[in-house]
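As provided, protein09.tsv (TSV, C-alpha atoms) reads as follows.
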```tsv
chain	number	residue	atom	x	y	z
P	1	MET	CA	208.22	189.00	46.82
P	2	THR	CA	208.32	192.73	46.02
P	3	THR	CA	205.52	192.42	43.47
P	4	MET	CA	203.30	190.49	45.87
P	5	THR	CA	203.81	193.07	48.62
P	6	ALA	CA	202.98	195.98	46.33
P	7	THR	CA	199.84	194.23	45.14
P	8	THR	CA	198.68	193.60	48.69
P	9	VAL	CA	199.27	197.21	49.75
P	10	ALA	CA	197.43	198.54	46.71
P	11	ALA	CA	194.47	196.22	47.19
P	12	THR	CA	193.89	196.98	50.86
P	13	PRO	CA	192.44	200.53	50.53
P	14	VAL	CA	190.17	199.42	47.69
P	15	SER	CA	188.82	196.50	49.70
P	16	TRP	CA	188.24	198.73	52.73
P	17	ALA	CA	186.43	201.33	50.63
P	18	ARG	CA	184.30	198.67	48.96
P	19	TYR	CA	183.11	197.17	52.24
P	20	ALA	CA	182.53	200.62	53.75
P	21	ALA	CA	180.54	201.76	50.70
P	22	LEU	CA	178.40	198.62	50.72
P	23	ALA	CA	177.80	198.94	54.46
P	24	ALA	CA	176.85	202.61	54.07
P	25	LYS	CA	174.39	201.74	51.31
P	26	ALA	CA	172.87	198.91	53.34
P	27	LEU	CA	172.39	201.20	56.34
P	28	LEU	CA	171.00	203.97	54.13
P	29	PHE	CA	168.41	201.72	52.53
P	30	GLY	CA	167.58	200.25	55.92
P	31	LEU	CA	166.86	203.73	57.29
P	32	LEU	CA	164.82	204.62	54.22
P	33	LEU	CA	162.78	201.45	54.60
P	34	SER	CA	162.19	202.12	58.28
P	35	ALA	CA	161.13	205.69	57.44
P	36	LEU	CA	158.60	204.25	55.00
P	37	ILE	CA	157.24	201.77	57.54
P	38	TRP	CA	157.48	203.93	60.69
P	39	PRO	CA	157.43	207.55	59.48
P	40	ASP	CA	156.90	208.98	62.97
P	41	LEU	CA	160.24	207.56	64.09
P	42	SER	CA	162.25	208.63	61.05
P	43	GLY	CA	162.88	212.25	61.99
P	44	ILE	CA	162.05	213.37	58.44
P	45	LYS	CA	158.28	213.52	58.78
P	46	GLY	CA	157.22	217.02	57.77
P	47	LYS	CA	160.63	217.62	56.17
P	48	ALA	CA	159.90	216.59	52.59
P	49	SER	CA	159.99	212.93	53.55
P	50	THR	CA	158.55	211.76	50.23
P	51	ALA	CA	161.16	213.70	48.27
P	52	ARG	CA	163.94	212.31	50.45
P	53	LEU	CA	162.68	208.76	49.95
P	54	VAL	CA	163.05	209.31	46.20
P	55	VAL	CA	166.14	211.50	45.95
P	56	TYR	CA	168.39	209.77	48.50
P	57	PRO	CA	168.40	206.34	46.82
P	58	ILE	CA	169.09	208.01	43.47
P	59	GLY	CA	171.96	209.98	44.98
P	60	ALA	CA	173.47	206.85	46.51
P	61	MET	CA	173.07	204.73	43.38
P	62	ILE	CA	173.94	207.19	40.62
P	63	LEU	CA	177.60	206.17	40.45
P	64	PRO	CA	176.94	202.40	40.35
P	65	LEU	CA	174.27	202.97	37.70
P	66	TRP	CA	176.65	205.10	35.64
P	67	TRP	CA	179.34	202.45	35.97
P	68	TRP	CA	176.99	199.68	34.90
P	69	ALA	CA	175.59	201.62	31.94
P	70	TYR	CA	178.76	203.32	30.72
P	71	GLY	CA	181.83	203.42	32.91
P	72	ARG	CA	182.80	199.75	33.04
P	73	THR	CA	183.32	199.59	29.28
P	74	LYS	CA	184.05	203.17	28.20
P	75	SER	CA	185.54	205.05	31.15
P	76	LYS	CA	189.11	206.25	30.60
P	77	LEU	CA	189.48	207.34	34.22
P	78	HIS	CA	188.98	204.02	36.01
P	79	GLN	CA	189.98	200.46	35.28
P	80	ARG	CA	187.76	199.22	38.09
P	81	PHE	CA	184.82	200.57	40.03
P	82	PRO	CA	185.82	203.64	42.13
P	83	TRP	CA	184.73	202.46	45.55
P	84	THR	CA	186.21	205.41	47.43
P	85	ALA	CA	184.23	207.83	45.27
P	86	ASP	CA	181.12	205.71	45.77
P	87	LEU	CA	181.56	205.82	49.55
P	88	LEU	CA	182.00	209.60	49.54
P	89	MET	CA	178.91	210.02	47.37
P	90	THR	CA	176.84	207.80	49.68
P	91	LEU	CA	177.85	209.25	53.05
P	92	PRO	CA	176.03	212.61	52.72
P	93	TRP	CA	172.63	210.93	52.30
P	94	LEU	CA	173.30	208.47	55.11
P	95	ILE	CA	174.62	211.05	57.58
P	96	ASP	CA	171.69	213.36	56.87
P	97	LEU	CA	169.23	210.56	57.62
P	98	VAL	CA	171.07	209.60	60.81
P	99	GLY	CA	171.12	213.24	61.92
P	100	ASN	CA	167.39	213.54	61.37
P	101	ARG	CA	166.73	210.18	63.00
P	102	PHE	CA	168.39	211.39	66.21
P	103	ASN	CA	166.89	214.89	65.87
P	104	LEU	CA	170.34	216.50	65.78
P	105	PHE	CA	169.30	219.19	63.30
P	106	ASP	CA	166.76	220.55	65.78
P	107	THR	CA	168.59	219.97	69.06
P	108	VAL	CA	172.23	220.80	68.28
P	109	SER	CA	172.62	224.44	67.28
P	110	TRP	CA	175.69	224.01	65.08
P	111	TRP	CA	174.75	220.68	63.49
P	112	ASP	CA	173.00	222.02	60.40
P	113	ASP	CA	175.85	224.40	59.55
P	114	ALA	CA	178.47	221.72	60.09
P	115	MET	CA	176.59	219.27	57.90
P	116	HIS	CA	176.31	221.70	55.00
P	117	PHE	CA	180.07	222.22	55.13
P	118	ILE	CA	181.13	218.61	55.69
P	119	LEU	CA	178.59	216.75	53.58
P	120	TRP	CA	179.07	219.03	50.60
P	121	GLY	CA	182.78	218.36	50.94
P	122	PHE	CA	182.19	214.59	50.88
P	123	LEU	CA	179.87	214.81	47.89
P	124	THR	CA	182.19	217.06	45.91
P	125	ALA	CA	185.23	214.90	46.65
P	126	GLY	CA	183.33	211.83	45.51
P	127	VAL	CA	182.19	213.44	42.28
P	128	LEU	CA	185.69	214.69	41.49
P	129	LEU	CA	187.21	211.29	42.24
P	130	ALA	CA	184.67	209.63	39.98
P	131	PHE	CA	184.57	212.02	37.05
P	132	ALA	CA	187.47	214.51	37.09
P	133	PRO	CA	190.80	213.62	35.43
P	134	ARG	CA	193.76	213.20	37.77
P	135	ASP	CA	195.93	215.66	35.85
P	136	LEU	CA	193.80	218.75	36.51
P	137	SER	CA	195.80	221.69	37.84
P	138	ARG	CA	195.14	223.09	41.30
P	139	GLY	CA	193.24	226.02	39.80
P	140	LEU	CA	191.06	223.85	37.57
P	141	THR	CA	190.36	221.43	40.41
P	142	ALA	CA	189.25	224.32	42.61
P	143	PHE	CA	187.17	225.76	39.77
P	144	VAL	CA	185.40	222.44	39.11
P	145	ALA	CA	184.83	221.90	42.83
P	146	LEU	CA	183.34	225.36	43.20
P	147	GLY	CA	181.19	224.93	40.11
P	148	PHE	CA	179.77	221.61	41.19
P	149	GLY	CA	179.46	222.50	44.87
P	150	ALA	CA	177.72	225.83	44.30
P	151	THR	CA	175.37	224.42	41.68
P	152	ALA	CA	174.44	221.42	43.82
P	153	ALA	CA	173.92	223.68	46.84
P	154	VAL	CA	171.56	225.95	44.90
P	155	ILE	CA	169.58	222.95	43.61
P	156	TRP	CA	169.33	221.60	47.17
P	157	GLU	CA	168.12	224.90	48.62
P	158	VAL	CA	165.55	225.40	45.86
P	159	GLY	CA	164.34	221.86	46.41
P	160	GLU	CA	164.05	222.42	50.16
P	161	TYR	CA	162.08	225.60	49.61
P	162	PHE	CA	159.48	224.07	47.33
P	163	ALA	CA	159.34	220.79	49.24
P	164	PHE	CA	158.56	222.11	52.71
P	165	ILE	CA	160.07	225.45	53.77
P	166	ARG	CA	157.59	227.70	51.95
P	167	SER	CA	154.76	226.26	54.04
P	168	SER	CA	156.61	225.89	57.35
P	169	PRO	CA	157.44	228.26	60.24
P	170	GLU	CA	161.06	228.24	59.02
P	171	LEU	CA	160.04	230.57	56.18
P	172	GLN	CA	160.57	233.61	58.42
P	173	SER	CA	164.31	232.95	58.70
P	174	ALA	CA	164.74	231.09	55.41
P	175	TYR	CA	166.63	233.86	53.60
P	176	THR	CA	169.41	234.16	56.17
P	177	ASP	CA	169.59	230.41	56.65
P	178	THR	CA	169.77	229.78	52.91
P	179	LEU	CA	172.60	232.26	52.43
P	180	GLY	CA	174.56	230.61	55.22
P	181	ASP	CA	173.92	227.13	53.84
P	182	LEU	CA	175.02	228.16	50.35
P	183	ALA	CA	178.21	229.74	51.67
P	184	LEU	CA	179.10	226.77	53.87
P	185	GLY	CA	178.34	224.22	51.17
P	186	THR	CA	180.43	226.09	48.63
P	187	LEU	CA	183.35	226.45	51.05
P	188	GLY	CA	183.15	222.77	51.91
P	189	ALA	CA	183.25	221.90	48.22
P	190	LEU	CA	186.24	224.17	47.64
P	191	LEU	CA	188.17	222.67	50.54
P	192	ALA	CA	187.38	219.17	49.30
P	193	GLY	CA	188.73	220.05	45.87
P	194	LEU	CA	191.97	221.44	47.28
P	195	ILE	CA	192.47	218.44	49.57
P	196	LEU	CA	191.79	216.04	46.72
P	197	TYR	CA	194.33	217.84	44.55
P	198	GLN	CA	196.99	217.39	47.23
P	199	VAL	CA	196.10	213.73	47.71
P	200	ARG	CA	196.36	213.10	43.98
P	201	LEU	CA	199.87	214.53	43.95
P	202	LYS	CA	201.07	211.51	45.91
P	203	PRO	CA	202.58	208.75	43.77
P	204	ARG	CA	200.40	205.76	42.93
P	205	TYR	CA	201.66	202.27	43.65
```
Give the structure from this file in structure tokens form.
Amino acid sequence: MTTMTATTVAATPVSWARYAALAAKALLFGLLLSALIWPDLSGIKGKASTARLVVYPIGAMILPLWWWAYGRTKSKLHQRFPWTADLLMTLPWLIDLVGNRFNLFDTVSWWDDAMHFILWGFLTAGVLLAFAPRDLSRGLTAFVALGFGATAAVIWEVGEYFAFIRSSPELQSAYTDTLGDLALGTLGALLAGLILYQVRLKPRY
């Protein structure tokens, strides 16, 4: 009886994360398809829509592709597919599309700043869950989170600049906005790393 109970408790979070990750991916690809068919309704027209239609599916599928090509047979970190990490690595792309679809980035003054902080936290937590060993110290976890978060934030900002900002009215305030985005994204990544470290301290059942 004890063994059966423990198995049920352990399986529940994994099942929840799996269904949530699959639902997030389905919604993401649905929004991408609708943006391709009805670009005027997508909220990303004029905001590097072509680049988003390419990058977002890659971002959402990179962990499953890695697992299929390498992780399922050679990974020493996971015995089964890390659904929680997959969900966290999918949510940033989905939430960004939803925010653009409802024009929140242009109508809610704090939305863009909040998204850089929160979504970079999600992405960093997902990457650490997927690829970082559980036994990293607090300092190393923070260091890896900062390294990934800051690097990814720089790549994102450079991509935004070349994709649409350099030829848009936003260029006038791009420097200040970019500095703020980089700072918020890096802080979000750091916080995600510290939270993940604390979560990993809890015993596994």
### Counting all atoms listed in the file, the residue of P:Ala130, P:Val108, P:Ala163, P:Val199 that sits nearest P:Gln79
P:Ala130
### Message
At a cut-off of 10 Å, using all atoms listed in the file, what residues contact P:Glu157? Leave out same-chain residues fewer than 2 positions from it and give the result as a PyMOL selection string.
### Response
chain P and resi 152-155+159-163+165+174+177-179+181-182
Okay, now the selection with C-alpha atoms, as a PDB file, keeping the file's coordinate frame?
```pdb
ATOM      1  CA  ALA P 152     174.440 221.420  43.820  1.00  0.00           C
ATOM      2  CA  ALA P 153     173.920 223.680  46.840  1.00  0.00           C
ATOM      3  CA  VAL P 154     171.560 225.950  44.900  1.00  0.00           C
ATOM      4  CA  ILE P 155     169.580 222.950  43.610  1.00  0.00           C
ATOM      5  CA  GLY P 159     164.340 221.860  46.410  1.00  0.00           C
ATOM      6  CA  GLU P 160     164.050 222.420  50.160  1.00  0.00           C
ATOM      7  CA  TYR P 161     162.080 225.600  49.610  1.00  0.00           C
ATOM      8  CA  PHE P 162     159.480 224.070  47.330  1.00  0.00           C
ATOM      9  CA  ALA P 163     159.340 220.790  49.240  1.00  0.00           C
ATOM     10  CA  ILE P 165     160.070 225.450  53.770  1.00  0.00           C
ATOM     11  CA  ALA P 174     164.740 231.090  55.410  1.00  0.00           C
ATOM     12  CA  ASP P 177     169.590 230.410  56.650  1.00  0.00           C
ATOM     13  CA  THR P 178     169.770 229.780  52.910  1.00  0.00           C
ATOM     14  CA  LEU P 179     172.600 232.260  52.430  1.00  0.00           C
ATOM     15  CA  ASP P 181     173.920 227.130  53.840  1.00  0.00           C
ATOM     16  CA  LEU P 182     175.020 228.160  50.350  1.00  0.00           C
TER      17      LEU P 182
END
```
Give me, as CSV, each residue of stretch 122-167 of chain P that comes within 12 Å of stretch 91-106 of chain P, together with its shortest interatomic pair and the distance in Å at one decimal, counting all atoms listed in the file, with rows ordered by chain and rising residue number.
```
residue,atom,partner,partner_atom,distance
P:Phe122,CA,P:Pro92,CA,6.7
P:Leu123,CA,P:Pro92,CA,6.6
P:Thr124,CA,P:Pro92,CA,10.2
P:Ala125,CA,P:Pro92,CA,11.3
P:Gly126,CA,P:Leu91,CA,9.7
```
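Nearest-residue note for P:Pro57: choosing from P:Leu119, P:Ile37, P:Leu32, P:Val158, the minimum distance belongs to P:Leu32, counting all atoms listed in the file.
Near P:Ala24, within 7 Å and counting only C-alpha atoms, sit Ala20, Ala21, Leu27, Leu28, Thr90, Leu91 and Leu94 of chain P, not including residues fewer than 3 positions from it in the same chain.
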Using all atoms listed in the file, collect all residues at a distance of at most 12 Å from (158.7, 209.9, 58.6) as written in the file, then present them as a PDB file with C-alpha atoms, keeping the file's coordinate frame.
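Output (selection-v2.pdb):
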```
ATOM      1  CA  LEU P  31     166.860 203.730  57.290  1.00  0.00           C
ATOM      2  CA  LEU P  32     164.820 204.620  54.220  1.00  0.00           C
ATOM      3  CA  LEU P  33     162.780 201.450  54.600  1.00  0.00           C
ATOM      4  CA  SER P  34     162.190 202.120  58.280  1.00  0.00           C
ATOM      5  CA  ALA P  35     161.130 205.690  57.440  1.00  0.00           C
ATOM      6  CA  LEU P  36     158.600 204.250  55.000  1.00  0.00           C
ATOM      7  CA  ILE P  37     157.240 201.770  57.540  1.00  0.00           C
ATOM      8  CA  TRP P  38     157.480 203.930  60.690  1.00  0.00           C
ATOM      9  CA  PRO P  39     157.430 207.550  59.480  1.00  0.00           C
ATOM     10  CA  ASP P  40     156.900 208.980  62.970  1.00  0.00           C
ATOM     11  CA  LEU P  41     160.240 207.560  64.090  1.00  0.00           C
ATOM     12  CA  SER P  42     162.250 208.630  61.050  1.00  0.00           C
ATOM     13  CA  GLY P  43     162.880 212.250  61.990  1.00  0.00           C
ATOM     14  CA  ILE P  44     162.050 213.370  58.440  1.00  0.00           C
ATOM     15  CA  LYS P  45     158.280 213.520  58.780  1.00  0.00           C
ATOM     16  CA  GLY P  46     157.220 217.020  57.770  1.00  0.00           C
ATOM     17  CA  LYS P  47     160.630 217.620  56.170  1.00  0.00           C
ATOM     18  CA  ALA P  48     159.900 216.590  52.590  1.00  0.00           C
ATOM     19  CA  SER P  49     159.990 212.930  53.550  1.00  0.00           C
ATOM     20  CA  THR P  50     158.550 211.760  50.230  1.00  0.00           C
ATOM     21  CA  ALA P  51     161.160 213.700  48.270  1.00  0.00           C
ATOM     22  CA  ARG P  52     163.940 212.310  50.450  1.00  0.00           C
ATOM     23  CA  LEU P  53     162.680 208.760  49.950  1.00  0.00           C
ATOM     24  CA  LEU P  97     169.230 210.560  57.620  1.00  0.00           C
ATOM     25  CA  ASN P 100     167.390 213.540  61.370  1.00  0.00           C
ATOM     26  CA  ARG P 101     166.730 210.180  63.000  1.00  0.00           C
TER      27      ARG P 101
END
```
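For the atom pair formed by atom CA of P:Tyr19 and atom CA of P:Pro133, the distance is 24.7 Å, given to one decimal.
Computed from the coordinates, the atom CA of P:Gly180 to atom CA of P:Asp113 distance equals 7.7 Å.
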### Within 9 Å of file point (179.7, 198.5, 46.0), counting all atoms listed in the file, expressed as an MDAnalysis selection string
chainID P and resid 17:23 25 64 81:83 86:87
### Message
So that I can check the surroundings of P:Ala132, please list as a PyMOL selection string every protein, DNA and RNA residue that reaches within 12 Å of it, counting only C-alpha atoms and ignoring chain neighbours fewer than 5 positions away.
### Response
chain P and resi 75-78+85+124-127+137+140-145+148+193+196-197+200
Take the residues that were just selected and, keeping C-alpha atoms, output them as an mmCIF file, in the frame of the given file.
```cif
data_model
loop_
_atom_site.group_PDB
_atom_site.id
_atom_site.type_symbol
_atom_site.label_atom_id
_atom_site.label_comp_id
_atom_site.auth_asym_id
_atom_site.auth_seq_id
_atom_site.Cartn_x
_atom_site.Cartn_y
_atom_site.Cartn_z
ATOM 1 C CA SER P 75 185.540 205.050 31.150
ATOM 2 C CA LYS P 76 189.110 206.250 30.600
ATOM 3 C CA LEU P 77 189.480 207.340 34.220
ATOM 4 C CA HIS P 78 188.980 204.020 36.010
ATOM 5 C CA ALA P 85 184.230 207.830 45.270
ATOM 6 C CA THR P 124 182.190 217.060 45.910
ATOM 7 C CA ALA P 125 185.230 214.900 46.650
ATOM 8 C CA GLY P 126 183.330 211.830 45.510
ATOM 9 C CA VAL P 127 182.190 213.440 42.280
ATOM 10 C CA SER P 137 195.800 221.690 37.840
ATOM 11 C CA LEU P 140 191.060 223.850 37.570
ATOM 12 C CA THR P 141 190.360 221.430 40.410
ATOM 13 C CA ALA P 142 189.250 224.320 42.610
ATOM 14 C CA PHE P 143 187.170 225.760 39.770
ATOM 15 C CA VAL P 144 185.400 222.440 39.110
ATOM 16 C CA ALA P 145 184.830 221.900 42.830
ATOM 17 C CA PHE P 148 179.770 221.610 41.190
ATOM 18 C CA GLY P 193 188.730 220.050 45.870
ATOM 19 C CA LEU P 196 191.790 216.040 46.720
ATOM 20 C CA TYR P 197 194.330 217.840 44.550
ATOM 21 C CA ARG P 200 196.360 213.100 43.980
#
```
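Checking P:Trp120, P:Trp111, P:Phe131, P:Trp156 one by one against P:Trp66, counting only C-alpha atoms, you find the shortest gap at P:Phe131.
Here atom CA of P:Gly147 is placed at a distance of 12.2 Å from atom CA of P:Gly188.
Distances here use only C-alpha atoms; by that measure, the residue among P:Leu128, P:Ala183, P:Ala114, P:Ala69 closest to P:Leu88 is P:Leu128.
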### Message
For a quick check of understanding, using all atoms listed in the file, which of P:Ala189, P:Leu129, P:Leu146, P:Met89 has the smallest distance to P:His116?
### Response
P:Ala189
